[in-house]
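Asker: Have a look at this one.
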Amino acid sequence: MQKLNLKTILLWMVATMATLLSVLGCGGGSSSSGTASLDLFITDDLTPDYSGVWVKVYKGSLGKSDGSSTTVFESAEGLPVNLRQLNDGTARFLLLAPGRVPEGTYDKVEVILDKTVTLVATGSGATTTANFPATYDTTDGKSRIGLALDPNLTVPGPNRLVIDFDLKNWTVTGGVVTPVVKRHDGSGLDDPNRHERFEFKGVIADLSGPTPPQTFILRLRTGGNIVVETNSETDIFIEGGATTGGNLVNGLKAEVYGAFDPATRRLVARVVKAEVEDEDEDEREEAKIVGPGFDTNATAGTFKIRPRIIRGAVPKGDVVDVATTETTKFKGRRGAILTKDQFFAAFDNVGSEPVVQVEGVYNPETNTITAKSCHIESEAGMGDAEAKGETAEPNASLKKFKLFVFEASGFNFGSEAVTVQAVEGAQYFGVNDQSISAAAFFEALAAGSKKVEIKGGFRDGVFYAGKLELEGEDDSVAEAKGDTTQPNAELSAFKMEVRESEGFTRPDGKLTVEVLSDARITNKRGEEITKSNFFGIIGERSQVVKAEGSFVDGVLKAIKIRILD
């Protein structure tokens, strides 16, 4: 008998259960008089034996002691999920069922899965399959797995539930997987960095704002609603968007790829793909893979992808080969049409593995998807490297310059001067954080050395910048990064436990920060917020912030404050 740390598998199922829970609020079979909010998550324990545990979920239902049940999730084709990705050494959480649930007391949840589980061995990438026991069989050849909720789930009550498939206690004997499922205690759930990105499909409603930052409600196909927020980093594109002026509008069908923010209970969108027209039958039958891409060959038109989300296929290994043809459509930021050469150039300029969405025909025999379309997620800003410094030798035609770095993170360089190359579709900002053209940015650099801040990827000695911002002469006279303490909204001030500083010295590592009346304050998503909002946030709990301004009589008088991730 072999122990299978497959905990992940059941996790997904439970996730589905989660889906169940949220969708419940959207109708069907409950005698309750009202509804209440409930978010259902799934997670997993780390298993060293497998790098992939793929299951396919068809249906989920929530049951009561009187025998009644409500279907909360249903997919005719089945939804593939890799449970293994829900732990990278620490539990990660996937929101499967956001929404509202009919009031009442629930004592069980059931999910219908494909009878077969696909396992990908760590290291070799070899795939094997195992089946759930015959005692779980349904009449149509699938498997039904139930979980007793003890204590019962009472709604209204706690607005979140985390279910854990206890894979370390699963066993595999003779190709048969015997599952164990339990509730997770929710530890780590409040950390936004522990939430896994996923894709949600639905219809846009209650859109607020003409351009990012925007919010809208996504009415999910599986039932339930979730609030979505976009920001300057969100990649938005619309198929057939000419009829909407290229803008999001209510009523559009949309696929939103992003992660749940536990503080706001919103889905922070990384990619929003909206469609004016319904997809045709051929498109419904296509496979879709979303994940980090790497190992490009522009001449052959190929690359590899590590699947994070899959539709219409189950991969045969940790990596899937991507092949393009003469008819493949290539897309960049906001759906911009790219040539094949532009696509692969943008791919390589990122400096780290960018997230790519590939749609096409998957061949399980060769583990290859032949792409009908390839969309590189926000190719202008995918890297996680940042630098600040003074410019030299600007070249507007090549969109290139030298940077004498005095602050950097996310990369190492061998000399003080770094070559900076702005990538295709890069964003440029002026000294007041306003968007400007590339021509205006390089015109400013041509007038003399400027202080700039850049973000992007570092590769082969070159910094490929997707975001470039001019800083005023008075910017960065004094800067501090650290943890907030003792907020005082009436005095517009707070204390900081300093981690890093520049332009002044605080031997004891403590600092008083005064927020000036005209200070520009942004949250961790880069959205401008009011001073009142800021003090409300740091009043709830300590935040890591960066403050910039002037240092006078032992006080940092901040003109710019940014809440950091």
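Identifiers in this document derive from the order of the structure tokens: chains are assigned A, B, ..., residues are numbered from 1 separately in each chain, and ligands are numbered from 1 in order of occurrence.
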Please identify all polymer residues within 10 Å of A:Asp518, counting only C-alpha atoms, omitting same-chain residues fewer than 2 positions from it, and present them as a ChimeraX atom specification.

Answerer: /A:515-516,520-521,531,558-560

Asker: Could you please take those selected residues and save C-alpha atoms as a PDB file, in the first residue's frame?

Answerer:
ATOM      1  CA  VAL A 515       0.872  63.249   6.136  1.00  0.00           C
ATOM      2  CA  LEU A 516       0.651  66.627   4.377  1.00  0.00           C
ATOM      3  CA  ARG A 520      -0.999  61.663  -2.793  1.00  0.00           C
ATOM      4  CA  ILE A 521      -1.839  58.307  -1.187  1.00  0.00           C
ATOM      5  CA  LYS A 531      -6.373  60.425   3.758  1.00  0.00           C
ATOM      6  CA  ALA A 558       5.204  63.011   3.425  1.00  0.00           C
ATOM      7  CA  ILE A 559       3.916  64.272   0.089  1.00  0.00           C
ATOM      8  CA  LYS A 560       3.564  60.751  -1.296  1.00  0.00           C
TER       9      LYS A 560
END

Asker: Name all residues at most 7 Å from A:Val120 (count only C-alpha atoms; drop same-chain ones fewer than 2 positions away) and give them as a list in words.

Answerer: Tyr50, Ser51, Gly52, Val53, Thr118, Thr122, Gly125, Ala126, Thr127, Thr128, Gly317 and Asp318 of chain A

Asker: State, in Å with one decimal place, the distance from atom CA of A:Tyr136 to atom CA of A:Leu95.

Answerer: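 Interatomic distance here is 25.5 Å.
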
Asker: Go through stretch 79-174 of chain A and flag each residue having an atom no more than 10 Å from stretch 65-68 of chain A; for those, report the closest pair of atoms plus their distance in Å to one decimal, using only C-alpha atoms, ordered by chain and rising number, as JSON lines.

Answerer:
{"residue": "A:Thr105", "atom": "CA", "partner": "A:Ser65", "partner_atom": "CA", "distance": 8.2}
{"residue": "A:Tyr106", "atom": "CA", "partner": "A:Ser65", "partner_atom": "CA", "distance": 7.2}
{"residue": "A:Asp107", "atom": "CA", "partner": "A:Ser65", "partner_atom": "CA", "distance": 6.3}
{"residue": "A:Lys108", "atom": "CA", "partner": "A:Ser65", "partner_atom": "CA", "distance": 8.2}
{"residue": "A:Asn152", "atom": "CA", "partner": "A:Ser65", "partner_atom": "CA", "distance": 9.8}

Asker: Please write the residues from the selection above to a file, keeping N, CA, C and O atoms, as a PDB file, in the first residue's frame.

Answerer:
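again00.pdb, written as the output of this step:
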ATOM      1  N   THR A 105     -29.539  25.064   7.872  1.00  0.00           N
ATOM      2  CA  THR A 105     -28.473  24.256   8.450  1.00  0.00           C
ATOM      3  C   THR A 105     -28.131  23.124   7.491  1.00  0.00           C
ATOM      4  O   THR A 105     -29.004  22.349   7.102  1.00  0.00           O
ATOM      5  N   TYR A 106     -26.863  23.039   7.127  1.00  0.00           N
ATOM      6  CA  TYR A 106     -26.390  22.051   6.165  1.00  0.00           C
ATOM      7  C   TYR A 106     -25.479  21.059   6.872  1.00  0.00           C
ATOM      8  O   TYR A 106     -24.609  21.454   7.659  1.00  0.00           O
ATOM      9  N   ASP A 107     -25.684  19.773   6.569  1.00  0.00           N
ATOM     10  CA  ASP A 107     -24.879  18.761   7.246  1.00  0.00           C
ATOM     11  C   ASP A 107     -23.989  17.953   6.312  1.00  0.00           C
ATOM     12  O   ASP A 107     -23.248  17.081   6.764  1.00  0.00           O
ATOM     13  N   LYS A 108     -24.043  18.241   5.019  1.00  0.00           N
ATOM     14  CA  LYS A 108     -23.180  17.487   4.107  1.00  0.00           C
ATOM     15  C   LYS A 108     -23.045  18.215   2.771  1.00  0.00           C
ATOM     16  O   LYS A 108     -23.840  19.101   2.435  1.00  0.00           O
ATOM     17  N   ASN A 152     -22.349  21.133  11.941  1.00  0.00           N
ATOM     18  CA  ASN A 152     -23.127  21.550  10.775  1.00  0.00           C
ATOM     19  C   ASN A 152     -22.799  22.996  10.410  1.00  0.00           C
ATOM     20  O   ASN A 152     -22.340  23.790  11.234  1.00  0.00           O
TER      21      ASN A 152
END

Asker: Find the residues near A:Ile537: any atom within 12 Å, counting only C-alpha atoms, skip ones fewer than 2 places away on the same chain, and give them as an MDAnalysis selection string.

Answerer: chainID A and resid 263:264 484:485 487:489 521:524 529:535 539:545 563

Asker: Ranking A:Phe343, A:Phe303, A:Tyr464, A:Tyr257 by minimum distance to A:Thr368 and counting only C-alpha atoms, which one comes first?

Answerer: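 Closest to A:Thr368 of all the choices is A:Phe303.
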
Asker: Residues at most 6 Å from stretch 188-201 of chain A, counting only C-alpha atoms, excluding those fewer than 2 positions away in the same chain, as a PyMOL selection string?

Answerer: chain A and resi 92-94+186+220+254-259+261-262

Asker: Give me the residues within 7 Å of A:Gln357 as an MDAnalysis selection string, counting only C-alpha atoms and dropping any in the same chain fewer than 3 places off.

Answerer: chainID A and resid 289:291 374:376

Asker: Would you give me, as a PyMOL selection string, the residues in stretch 442-553 of chain A that DSSP reads as alpha helix (DSSP H)?

Answerer: chain A and resi 442-446+531-540

Asker: I need the residues from that last selection saved to file as a short mmCIF file (atom, residue, chain, number, x, y, z; two decimals), in the first residue's frame (with C-alpha atoms), if you can.

Answerer:
data_model
loop_
_atom_site.label_atom_id
_atom_site.label_comp_id
_atom_site.auth_asym_id
_atom_site.auth_seq_id
_atom_site.Cartn_x
_atom_site.Cartn_y
_atom_site.Cartn_z
CA PHE A 442 12.32 60.88 -23.93
CA GLU A 443 12.06 64.60 -24.66
CA ALA A 444 12.34 65.19 -20.91
CA LEU A 445 15.38 62.90 -20.73
CA ALA A 446 17.01 64.71 -23.65
CA LYS A 531 -6.37 60.42 3.76
CA SER A 532 -9.39 59.25 5.73
CA ASN A 533 -9.37 55.88 3.93
CA PHE A 534 -5.65 55.55 4.57
CA PHE A 535 -5.94 56.09 8.31
CA GLY A 536 -8.88 53.71 8.38
CA ILE A 537 -6.75 51.00 6.77
CA ILE A 538 -3.69 51.44 9.02
CA GLY A 539 -6.02 51.75 12.00
CA GLU A 540 -7.34 48.23 11.41
#

Asker: Choose the residue, out of A:Lys450, A:Lys168, A:Lys331, A:Lys182, that has the smallest atom-to-atom separation from A:Pro151; count only C-alpha atoms.

Answerer: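 Checking each candidate against A:Pro151, we get A:Lys182 as the closest.
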
Asker: In terms of the shortest atom-to-atom distance over only C-alpha atoms, which of A:Phe216, A:Asp114, A:Val431, A:Asn82 is closest to A:Lys316?

Answerer: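 Checking each candidate against A:Lys316, we get A:Asn82 as the closest.
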